[in-house]
>>> print(open('final.txt').read())   # compact mmCIF, C-alpha atoms and all ligand atoms
# COMPACT_ATOMS: atom_id res chain seq x y z
CA MET I 1 149.37 93.74 120.23
CA LEU I 2 146.20 92.69 118.39
CA TYR I 3 145.09 94.50 115.27
CA GLN I 4 142.00 96.69 115.41
CA PRO I 5 140.71 97.67 111.96
CA PRO I 6 139.76 101.35 111.60
CA LEU I 7 136.19 102.11 112.64
CA PRO I 8 133.61 102.50 109.85
CA PRO I 9 133.41 106.09 108.56
CA GLN I 10 130.13 106.89 110.37
CA TYR I 11 132.03 106.86 113.70
CA GLN I 12 134.46 109.54 112.61
CA GLY I 13 133.74 113.21 113.10
CA LEU I 14 130.84 112.76 115.56
CA SER I 15 130.70 115.41 118.30
CA ILE I 16 131.21 114.32 121.92
CA GLU I 17 127.61 115.27 122.66
CA ALA I 18 126.29 113.14 119.79
CA LEU I 19 128.47 110.22 120.89
CA LYS I 20 127.24 110.49 124.49
CA LEU I 21 123.59 110.54 123.40
CA ARG I 22 124.03 107.51 121.17
CA VAL I 23 125.98 105.48 123.74
CA ALA I 24 123.31 106.28 126.36
CA GLU I 25 120.58 105.18 123.96
CA ARG I 26 122.32 101.89 123.15
CA LYS I 27 122.95 101.22 126.83
CA ARG I 28 119.27 101.77 127.57
CA GLN I 29 118.28 99.52 124.68
CA LEU I 30 120.58 96.65 125.76
CA GLY I 31 119.42 97.02 129.39
CA SER I 32 120.26 94.13 131.72
CA ARG I 33 121.85 92.14 128.87
CA LEU I 34 124.86 94.44 129.19
CA VAL I 35 127.33 95.30 131.96
CA ILE I 36 130.07 97.88 131.34
CA LEU I 37 133.20 97.65 133.52
CA GLY I 38 135.70 100.54 133.58
CA HIS I 39 139.24 100.74 134.96
CA HIS I 40 140.06 103.95 136.84
CA TYR I 41 142.59 104.96 134.16
CA GLN I 42 139.86 105.46 131.55
CA GLU I 43 138.91 108.95 130.51
CA ASP I 44 135.90 110.65 132.18
CA ASP I 45 133.60 110.39 129.15
CA VAL I 46 134.00 106.61 129.13
CA ILE I 47 133.89 106.16 132.92
CA ALA I 48 130.54 108.00 132.91
CA PHE I 49 128.99 104.97 131.18
CA ALA I 50 130.55 102.28 133.38
CA ASP I 51 128.15 100.31 135.59
CA PHE I 52 131.11 99.52 137.84
CA THR I 53 134.57 101.04 138.14
CA GLY I 54 137.59 99.66 139.92
CA ASP I 55 141.24 98.76 139.95
CA SER I 56 142.44 95.40 138.64
CA LEU I 57 141.48 93.44 141.76
CA LYS I 58 138.03 94.98 142.12
CA LEU I 59 137.31 94.50 138.41
CA SER I 60 138.29 90.80 138.53
CA GLN I 61 135.98 90.32 141.52
CA LEU I 62 133.20 92.17 139.70
CA ALA I 63 133.74 90.16 136.51
CA ALA I 64 133.51 86.91 138.50
CA GLU I 65 130.11 88.05 139.80
CA GLN I 66 128.58 88.61 136.34
CA ALA I 67 126.43 85.55 135.78
CA THR I 68 123.16 86.81 134.35
CA CYS I 69 124.11 89.35 131.68
CA GLU I 70 124.95 88.39 128.09
CA PHE I 71 127.75 90.88 127.49
CA VAL I 72 130.49 92.40 129.59
CA VAL I 73 131.98 95.35 127.73
CA PHE I 74 135.39 95.88 129.30
CA CYS I 75 136.73 99.42 129.22
CA GLY I 76 140.29 98.56 130.16
CA VAL I 77 143.10 96.65 128.48
CA HIS I 78 143.37 93.22 126.90
CA PHE I 79 144.66 91.22 129.91
CA MET I 80 141.73 92.53 131.99
CA ALA I 81 139.22 91.40 129.35
CA GLU I 82 140.94 88.00 129.26
CA SER I 83 140.63 87.68 133.04
CA ALA I 84 136.96 88.60 132.80
CA ASP I 85 136.45 85.89 130.17
CA ILE I 86 138.29 83.35 132.32
CA LEU I 87 136.23 84.19 135.41
CA THR I 88 132.80 84.22 133.72
CA GLU I 89 130.84 81.28 132.38
CA ASP I 90 130.36 80.58 128.65
CA ASN I 91 127.00 82.37 128.52
CA VAL I 92 128.77 85.72 129.18
CA LYS I 93 130.63 87.23 126.24
CA VAL I 94 133.44 89.66 127.04
CA ILE I 95 134.07 92.49 124.59
CA LEU I 96 137.02 94.86 124.38
CA PRO I 97 135.93 97.92 122.36
CA ASP I 98 139.40 98.33 120.81
CA LEU I 99 141.39 95.12 120.45
CA SER I 100 144.66 97.02 120.20
CA ALA I 101 144.29 98.21 123.82
CA GLY I 102 147.09 96.05 125.19
CA CYS I 103 149.64 96.55 127.97
CA SER I 104 153.33 96.97 127.21
CA MET I 105 154.24 95.40 130.54
CA ALA I 106 152.17 92.28 129.85
CA ASP I 107 153.95 91.99 126.49
CA MET I 108 157.33 91.82 128.28
CA ALA I 109 156.81 88.16 129.25
CA THR I 110 155.89 85.44 126.77
CA LEU I 111 155.09 81.83 127.62
CA GLU I 112 158.09 80.65 125.62
CA GLN I 113 160.44 82.91 127.60
CA LEU I 114 158.89 81.80 130.88
CA GLU I 115 159.25 78.11 130.01
CA GLU I 116 162.90 78.66 129.17
CA ALA I 117 163.57 80.66 132.33
CA TRP I 118 161.77 78.04 134.41
CA GLU I 119 163.92 75.29 132.99
CA ILE I 120 167.12 77.19 133.77
CA VAL I 121 166.13 78.15 137.32
CA THR I 122 164.65 74.80 138.34
CA GLY I 123 167.59 73.04 136.69
CA VAL I 124 169.97 74.80 139.09
CA THR I 125 168.11 75.01 142.39
CA ALA I 126 166.59 72.05 144.20
CA ALA I 127 164.33 74.41 146.16
CA ARG I 128 160.59 74.55 145.35
CA VAL I 129 159.94 77.64 143.21
CA ILE I 130 156.42 79.12 143.12
CA PRO I 131 155.53 81.20 140.05
CA ILE I 132 153.47 84.30 140.79
CA THR I 133 152.21 86.53 138.04
CA TYR I 134 150.84 90.03 138.34
CA VAL I 135 147.44 90.01 136.60
CA ASN I 136 149.05 92.34 134.05
CA SER I 137 150.08 89.33 132.00
CA SER I 138 148.68 87.17 129.21
CA ALA I 139 146.32 84.30 129.97
CA ASP I 140 148.95 81.71 129.02
CA ILE I 141 151.37 83.09 131.62
CA LYS I 142 148.59 82.88 134.22
CA SER I 143 147.90 79.34 133.06
CA PHE I 144 151.57 78.37 133.51
CA CYS I 145 151.41 79.70 137.07
CA GLY I 146 148.20 77.79 137.81
CA LEU I 147 149.67 74.59 136.43
CA HIS I 148 152.91 74.93 138.43
CA GLY I 149 151.34 75.52 141.83
CA GLY I 150 151.37 79.33 141.63
CA ALA I 151 148.84 82.14 141.54
CA CYS I 152 148.06 85.61 140.27
CA CYS I 153 148.25 88.82 142.27
CA THR I 154 147.29 92.44 141.77
CA SER I 155 148.90 95.53 143.26
CA SER I 156 146.20 95.40 145.97
CA ASN I 157 147.05 91.96 147.27
CA ALA I 158 150.67 91.29 146.23
CA ALA I 159 151.95 91.01 149.83
CA ARG I 160 149.20 88.59 150.78
CA VAL I 161 149.85 86.44 147.71
CA LEU I 162 153.63 86.45 148.27
CA SER I 163 153.22 85.35 151.85
CA TRP I 164 150.87 82.56 150.69
CA ALA I 165 153.48 81.55 148.09
CA LEU I 166 156.23 81.41 150.70
CA ASP I 167 154.09 78.93 152.64
CA GLN I 168 153.97 76.74 149.51
CA GLY I 169 157.65 76.85 148.56
CA GLU I 170 161.03 78.39 149.29
CA LYS I 171 161.56 80.68 146.30
CA ILE I 172 159.32 82.84 144.13
CA MET I 173 159.47 83.61 140.43
CA PHE I 174 157.60 86.93 140.14
CA LEU I 175 156.55 88.35 136.79
CA PRO I 176 156.28 90.46 134.75
CA ASP I 177 156.78 93.62 136.87
CA GLN I 178 160.13 93.65 138.66
CA HIS I 179 159.13 96.84 140.52
CA LEU I 180 155.94 95.50 142.08
CA GLY I 181 157.86 92.35 143.04
CA ARG I 182 160.78 94.27 144.56
CA ASN I 183 158.65 96.87 146.37
CA THR I 184 156.38 94.21 147.84
CA ALA I 185 159.11 91.83 148.97
CA TYR I 186 161.14 94.71 150.43
CA ALA I 187 158.11 96.01 152.35
CA MET I 188 157.68 92.47 153.73
CA GLY I 189 161.21 92.68 155.17
CA PHE I 190 163.28 90.90 152.51
CA PRO I 191 166.57 92.61 151.63
CA LEU I 192 167.32 93.71 148.07
CA ASP I 193 170.18 91.22 147.84
CA SER I 194 167.71 88.34 148.21
CA MET I 195 166.24 89.32 144.85
CA ALA I 196 167.74 88.46 141.45
CA VAL I 197 166.57 90.07 138.22
CA VAL I 198 165.70 87.57 135.50
CA ASP I 199 166.45 89.02 132.08
CA PRO I 200 164.84 86.82 129.40
CA ASN I 201 166.94 88.52 126.73
CA LYS I 202 170.31 87.61 128.25
CA PRO I 203 172.08 84.25 128.01
CA ARG I 204 171.07 82.12 131.02
CA LEU I 205 168.87 85.04 132.17
CA GLY I 206 171.96 87.09 133.05
CA LEU I 207 172.41 84.97 136.21
CA ARG I 208 175.20 82.77 137.54
CA ASP I 209 174.33 79.42 139.10
CA ASP I 210 175.32 80.57 142.60
CA GLY I 211 173.12 83.65 142.09
CA ILE I 212 170.19 81.35 141.29
CA ARG I 213 170.90 79.20 144.35
CA ASP I 214 171.19 82.22 146.67
CA ALA I 215 168.17 84.23 145.50
CA ARG I 216 164.83 84.02 147.28
CA PHE I 217 162.98 86.02 144.61
CA PHE I 218 163.44 85.97 140.84
CA LEU I 219 162.11 89.25 139.52
CA TRP I 220 161.24 89.29 135.82
CA LYS I 221 162.76 92.25 134.00
CA GLY I 222 159.50 93.95 133.05
CA HIS I 223 158.11 97.37 133.89
CA CYS I 224 155.21 99.75 133.34
CA SER I 225 156.08 102.51 130.90
CA VAL I 226 153.75 104.93 132.73
CA HIS I 227 154.85 104.42 136.33
CA THR I 228 158.57 104.28 135.58
CA LEU I 229 158.32 107.87 134.35
CA PHE I 230 158.43 109.00 137.98
CA SER I 231 161.84 109.65 139.54
CA PRO I 232 163.22 110.22 143.07
CA GLU I 233 164.35 113.71 141.98
CA GLN I 234 160.73 114.65 141.25
CA CYS I 235 159.84 113.69 144.82
CA ASP I 236 162.69 115.90 146.11
CA GLU I 237 161.45 118.76 143.95
CA ILE I 238 157.88 118.52 145.29
CA ARG I 239 159.22 118.60 148.86
CA ARG I 240 161.43 121.57 148.03
CA ILE I 241 158.46 123.49 146.59
CA ASP I 242 156.22 122.74 149.56
CA PRO I 243 157.18 120.36 152.40
CA GLU I 244 153.51 120.01 153.34
CA PHE I 245 152.87 117.83 150.30
CA ARG I 246 152.49 114.14 151.02
CA ILE I 247 153.61 111.88 148.22
CA ILE I 248 151.69 108.73 147.34
CA VAL I 249 152.76 106.49 144.45
CA HIS I 250 151.75 103.23 142.81
CA PRO I 251 154.00 100.21 143.57
CA GLU I 252 154.74 99.83 139.84
CA CYS I 253 157.10 102.79 140.39
CA ASP I 254 160.82 102.22 140.83
CA TRP I 255 161.97 101.15 144.32
CA ALA I 256 163.89 104.44 144.80
CA VAL I 257 160.69 106.42 144.14
CA VAL I 258 158.68 104.30 146.58
CA GLN I 259 161.39 104.90 149.21
CA LYS I 260 161.14 108.67 148.71
CA ALA I 261 157.33 108.65 148.84
CA ASP I 262 155.34 108.83 152.08
CA LEU I 263 153.03 106.04 150.96
CA SER I 264 152.55 103.60 148.14
CA GLY I 265 149.46 101.68 147.19
CA SER I 266 147.26 100.27 144.47
CA THR I 267 144.84 102.45 142.58
CA GLU I 268 142.00 101.79 145.04
CA ALA I 269 144.33 102.44 147.98
CA ILE I 270 145.43 105.77 146.50
CA ILE I 271 141.81 106.85 145.99
CA ARG I 272 140.81 105.77 149.50
CA THR I 273 143.79 107.49 151.14
CA VAL I 274 143.21 110.84 149.43
CA ARG I 275 139.45 110.67 150.03
CA GLN I 276 139.93 109.95 153.73
CA SER I 277 142.52 112.70 154.30
CA PRO I 278 141.42 115.93 156.03
CA GLU I 279 140.25 118.95 154.02
CA GLY I 280 143.15 121.19 153.07
CA SER I 281 145.67 118.34 152.79
CA LYS I 282 148.13 118.39 149.94
CA TRP I 283 148.91 115.37 147.82
CA ALA I 284 151.34 114.66 145.02
CA VAL I 285 150.17 111.47 143.34
CA GLY I 286 152.42 109.28 141.22
CA THR I 287 150.10 107.37 138.94
CA GLU I 288 148.09 107.59 135.71
CA ILE I 289 146.82 111.05 134.82
CA HIS I 290 143.13 110.31 134.23
CA LEU I 291 142.76 108.89 137.72
CA VAL I 292 144.69 111.74 139.33
CA SER I 293 142.73 114.41 137.46
CA ARG I 294 139.40 112.85 138.45
CA LEU I 295 140.54 112.61 142.07
CA ALA I 296 141.70 116.25 142.03
CA GLN I 297 138.32 117.35 140.71
CA GLU I 298 136.35 115.20 143.13
CA GLN I 299 138.45 116.26 146.15
CA ALA I 300 138.28 119.98 145.46
CA GLY I 301 138.87 120.87 149.13
CA LYS I 302 142.31 119.30 148.95
CA ARG I 303 145.27 120.18 146.83
CA VAL I 304 146.02 117.25 144.54
CA VAL I 305 148.93 117.76 142.18
CA ARG I 306 147.94 116.33 138.82
CA SER I 307 151.34 115.27 137.72
CA LEU I 308 154.17 114.43 140.07
CA ALA I 309 156.42 114.02 137.02
CA GLY I 310 155.69 117.46 135.56
CA ILE I 311 154.47 115.72 132.42
CA GLN I 312 151.19 113.97 131.82
CA CYS I 313 151.70 110.29 132.61
CA LEU I 314 149.13 108.69 130.38
CA CYS I 315 148.48 105.02 129.69
CA THR I 316 148.20 105.32 125.93
CA THR I 317 146.68 101.89 125.47
CA MET I 318 143.87 102.41 128.00
CA TYR I 319 143.25 105.67 126.14
CA ARG I 320 142.38 103.75 122.98
CA ILE I 321 139.03 102.87 124.53
CA ASP I 322 137.21 106.04 123.56
CA LEU I 323 133.56 106.88 122.95
CA PRO I 324 133.61 106.04 119.20
CA HIS I 325 134.94 102.53 119.95
CA LEU I 326 132.46 102.06 122.78
CA LEU I 327 129.59 103.16 120.55
CA TYR I 328 130.75 100.87 117.74
CA ALA I 329 130.81 97.83 120.07
CA LEU I 330 127.35 98.67 121.45
CA ASP I 331 125.85 99.37 118.01
CA GLU I 332 127.04 95.97 116.82
CA LEU I 333 125.65 94.20 119.88
CA ALA I 334 122.31 95.94 119.43
CA ALA I 335 122.29 94.74 115.80
CA GLY I 336 122.88 91.16 116.98
CA ARG I 337 126.58 91.01 116.02
CA VAL I 338 129.25 90.31 118.60
CA VAL I 339 132.48 92.10 117.67
CA ASN I 340 135.83 92.19 119.49
CA GLN I 341 135.01 89.26 121.72
CA VAL I 342 137.98 88.21 123.88
CA ARG I 343 138.06 84.42 124.30
CA VAL I 344 140.60 82.24 126.03
CA ASP I 345 140.98 78.63 124.82
CA ASP I 346 139.83 75.81 127.12
CA HIS I 347 143.23 74.54 128.34
CA THR I 348 144.56 78.06 129.06
CA ARG I 349 141.26 78.99 130.64
CA ARG I 350 141.28 75.99 132.99
CA TRP I 351 144.70 76.68 134.53
CA SER I 352 144.59 80.46 134.44
CA ARG I 353 141.29 80.24 136.29
CA VAL I 354 143.04 78.16 138.95
CA ALA I 355 145.70 80.88 139.30
CA LEU I 356 143.09 83.65 139.49
CA GLN I 357 140.86 81.72 141.90
CA ARG I 358 143.80 81.02 144.22
CA MET I 359 144.27 84.78 144.45
CA LEU I 360 140.58 85.59 144.84
CA SER I 361 140.05 82.98 147.51
CA LEU I 362 142.75 84.33 149.85
CA PRO I 363 140.46 85.50 152.64
CA ALA I 364 142.25 88.34 154.41
CA LEU I 365 142.49 90.69 151.49
CA ARG I 366 139.38 89.85 149.50
CA ALA I 367 137.47 92.77 150.86
CA ALA I 368 140.25 94.96 152.18
CA GLY I 369 142.78 95.75 149.47
CA SER I 370 145.92 97.61 150.49
P1 LIG X 401 145.90 98.39 139.65
O1 LIG X 401 144.62 98.52 138.92
O2 LIG X 401 146.03 97.05 140.31
O3 LIG X 401 146.16 99.50 140.60
O4 LIG X 401 147.07 98.40 138.57
C1 LIG X 401 147.33 99.54 137.85
C2 LIG X 401 147.64 99.26 136.46
O5 LIG X 401 148.67 99.58 135.95
C3 LIG X 401 146.64 98.56 135.69
O6 LIG X 401 147.19 98.23 134.49
FE1 LIG X 402 150.09 98.36 131.40
FE2 LIG X 402 151.19 100.38 132.77
FE3 LIG X 402 149.10 100.85 131.16
FE4 LIG X 402 148.77 99.48 133.45
S1 LIG X 402 149.37 101.64 133.25
S2 LIG X 402 147.92 98.97 131.43
S3 LIG X 402 150.72 98.36 133.55
S4 LIG X 402 151.16 100.14 130.54
>>> encode(input="final.txt", output="structure tokens")
Amino acid sequence: MLYQPPLPPQYQGLSIEALKLRVAERKRQLGSRLVILGHHYQEDDVIAFADFTGDSLKLSQLAAEQATCEFVVFCGVHFMAESADILTEDNVKVILPDLSAGCSMADMATLEQLEEAWEIVTGVTAARVIPITYVNSSADIKSFCGLHGGACCTSSNAARVLSWALDQGEKIMFLPDQHLGRNTAYAMGFPLDSMAVVDPNKPRLGLRDDGIRDARFFLWKGHCSVHTLFSPEQCDEIRRIDPEFRIIVHPECDWAVVQKADLSGSTEAIIRTVRQSPEGSKWAVGTEIHLVSRLAQEQAGKRVVRSLAGIQCLCTTMYRIDLPHLLYALDELAAGRVVNQVRVDDHTRRWSRVALQRMLSLPALRAAGS
């Protein structure tokens, strides 16, 4: 995680109303020089200032379209800001209002670990292995995938990317989220025993050579600390309380939870499904609390349970992007100083862009999502 020094004292103790007025004023002042992107997991006060909102796929597409502004202020986490930097030209500077807004899942795979795992796996199997990384990963992991014939995916297009990858090779190394990998491959018809978990912290990844030869998918042992809070028992409990509830969860949840749920889908898919359901329908939603709360408020004619888990499942790193940090970044830009710029070096940028562009250019899902 990167270090973010404490904000200067003038940003502490400001009321929400004062912060909102000052952010609005700075936004007006910076005008078309500035575009603010916001992930759906951000809190309402921050989302209110976003020019565009979206899930990871939509935000990468939006970032790639920003050609004329000077600054993209990314209200999300570090890997998203990196992707935005990779997909924009040098004239666009990408700023993350709080540099310590990382992602614990992305931190579960380092380039060094991946290189070691790659050597072990490709040293045992003669089959062509295609590396696929969830966008929730560092730029150097994306770059490795680009360089080795692989691509990125998001939760919206994982099935499409996996089927593309299976046209390129026989086996897939999927990282860093074992759950998204397992849920997607299983939904595509692959049995659980065709998937081997790669544990970078175990000798020889915790795998025997025959296990490596037999597996079709190598699933990196990473997870999201928010979505793995949901359990199958919580699904049972919701159904016991009221069988009319439909359960929809994010595919970062454990396989057993996805099996218990009625539906699973990316953030955009969850929003679309609840929005399109008839008035009076009842939904229990297994994903980040800020999104679920906003959806519940927006869809007041439906019953949307705010927390399937009974506790507030919050992405604490997304939550670091608050109004004081947003105001600080905008104040500095207005004063002609660029702070918290996220920049990817040229080599990493070149190959991670290849991995991202391979994903973005897959035609069937570009507009649709899932
Ligand atoms: P999506 O935005 O692809 O739904 O992913 C959710 C998430 O965990 C982002 O970090
Ligand atoms: Fe990372 Fe999970 Fe937070 Fe997404 S919700 S940024 S995967 S920790």
>>> atom_distance(input="final.txt", atom1="atom C2 of ligand LIG 401 (chain X)", atom2="CA of Ser156 (chain I)")
10.4 Å
>>> residues_around(input="final.txt", residues="Val339 (chain I)", least_positions_apart="4", cutoff="12 Å", atoms="only C-alpha atoms", output="short mmCIF file (atom, residue, chain, number, x, y, z; two decimals) with C-alpha atoms, in the coordinates of the input")
data_model
loop_
_atom_site.label_atom_id
_atom_site.label_comp_id
_atom_site.auth_asym_id
_atom_site.auth_seq_id
_atom_site.Cartn_x
_atom_site.Cartn_y
_atom_site.Cartn_z
CA GLN I 4 142.00 96.69 115.41
CA PRO I 5 140.71 97.67 111.96
CA LEU I 7 136.19 102.11 112.64
CA PHE I 71 127.75 90.88 127.49
CA VAL I 73 131.98 95.35 127.73
CA LYS I 93 130.63 87.23 126.24
CA VAL I 94 133.44 89.66 127.04
CA ILE I 95 134.07 92.49 124.59
CA LEU I 96 137.02 94.86 124.38
CA PRO I 97 135.93 97.92 122.36
CA ASP I 98 139.40 98.33 120.81
CA LEU I 99 141.39 95.12 120.45
CA HIS I 325 134.94 102.53 119.95
CA LEU I 326 132.46 102.06 122.78
CA LEU I 327 129.59 103.16 120.55
CA TYR I 328 130.75 100.87 117.74
CA ALA I 329 130.81 97.83 120.07
CA LEU I 330 127.35 98.67 121.45
CA ASP I 331 125.85 99.37 118.01
CA GLU I 332 127.04 95.97 116.82
CA LEU I 333 125.65 94.20 119.88
CA ALA I 334 122.31 95.94 119.43
CA ALA I 335 122.29 94.74 115.80
CA ARG I 343 138.06 84.42 124.30
#
>>> residues_near_point(input="final.txt", point="(156.2, 103.0, 133.4)", cutoff="9 Å", atoms="only C-alpha atoms", output="short mmCIF file (atom, residue, chain, number, x, y, z; two decimals) with C-alpha atoms, in the frame of the given file")
data_model
loop_
_atom_site.label_atom_id
_atom_site.label_comp_id
_atom_site.auth_asym_id
_atom_site.auth_seq_id
_atom_site.Cartn_x
_atom_site.Cartn_y
_atom_site.Cartn_z
CA MET I 105 154.24 95.40 130.54
CA HIS I 223 158.11 97.37 133.89
CA CYS I 224 155.21 99.75 133.34
CA SER I 225 156.08 102.51 130.90
CA VAL I 226 153.75 104.93 132.73
CA HIS I 227 154.85 104.42 136.33
CA THR I 228 158.57 104.28 135.58
CA LEU I 229 158.32 107.87 134.35
CA PHE I 230 158.43 109.00 137.98
CA GLU I 252 154.74 99.83 139.84
CA CYS I 253 157.10 102.79 140.39
CA ASP I 254 160.82 102.22 140.83
CA CYS I 313 151.70 110.29 132.61
CA CYS I 315 148.48 105.02 129.69
#
>>> atom_distance(input="final.txt", atom1="CA of Ala50 (chain I)", atom2="CA of Leu37 (chain I)")
5.3 Å
>>> closest_residue(input="final.txt", among="I:Lys27, I:Arg128, I:His78, I:Arg160", to="Leu362 (chain I)", atoms="all atoms listed in the file")
I:Arg160
>>> closest_atom_pairs(input="final.txt", of="chain I", to="ligand LIG 401 (chain X)", cutoff="7 Å", atoms="all atoms listed in the file", output="tab-separated table")
residue	atom	partner	partner_atom	distance
I:Asp55	CA	X:LIG401	O1	3.5
I:Ser56	CA	X:LIG401	O1	3.8
I:Leu57	CA	X:LIG401	O2	6.0
I:Asn136	CA	X:LIG401	O6	6.2
I:Thr154	CA	X:LIG401	O2	5.0
I:Ser155	CA	X:LIG401	O2	4.4
I:Ser156	CA	X:LIG401	O2	5.9
I:Ser266	CA	X:LIG401	O3	4.1
I:Thr267	CA	X:LIG401	O3	3.8
I:Glu268	CA	X:LIG401	O3	6.5
>>> write_last_selection(input="final.txt", atoms="C-alpha atoms", output="PDB file, in the frame of the given file")
ATOM      1  CA  ASP I  55     141.240  98.760 139.950  1.00  0.00           C
ATOM      2  CA  SER I  56     142.440  95.400 138.640  1.00  0.00           C
ATOM      3  CA  LEU I  57     141.480  93.440 141.760  1.00  0.00           C
ATOM      4  CA  ASN I 136     149.050  92.340 134.050  1.00  0.00           C
ATOM      5  CA  THR I 154     147.290  92.440 141.770  1.00  0.00           C
ATOM      6  CA  SER I 155     148.900  95.530 143.260  1.00  0.00           C
ATOM      7  CA  SER I 156     146.200  95.400 145.970  1.00  0.00           C
ATOM      8  CA  SER I 266     147.260 100.270 144.470  1.00  0.00           C
ATOM      9  CA  THR I 267     144.840 102.450 142.580  1.00  0.00           C
ATOM     10  CA  GLU I 268     142.000 101.790 145.040  1.00  0.00           C
TER      11      GLU I 268
END
>>> axis_aligned_box(input="final.txt", around="ligand LIG 402 (chain X)", padding_each_side="6 Å", output="JSON")
{"center_x": 149.6, "center_y": 100.0, "center_z": 132.0, "size_x": 15.3, "size_y": 15.3, "size_z": 15.0}
>>> closest_residue(input="final.txt", among="I:Gly310, I:Gly123, I:Gly149, I:Pro176", to="ligand LIG 402 (chain X)", atoms="all atoms listed in the file")
I:Pro176
>>> closest_residue(input="final.txt", among="I:Arg306, I:Lys142, I:Lys202, I:Arg294", to="Leu175 (chain I)", atoms="all atoms listed in the file")
I:Lys142
>>> closest_residue(input="final.txt", among="I:Asp45, I:Glu116, I:Glu288, I:Glu17", to="ligand LIG 402 (chain X)", atoms="all atoms listed in the file")
I:Glu288
>>> residues_around(input="final.txt", residues="region 165-167 of chain I", least_positions_apart="6", cutoff="8 Å", atoms="all atoms listed in the file", output="PDB file with C-alpha atoms, in the frame of the given file")
ATOM      1  CA  ILE I 130     156.420  79.120 143.120  1.00  0.00           C
ATOM      2  CA  ILE I 132     153.470  84.300 140.790  1.00  0.00           C
ATOM      3  CA  GLY I 150     151.370  79.330 141.630  1.00  0.00           C
TER       4      GLY I 150
END
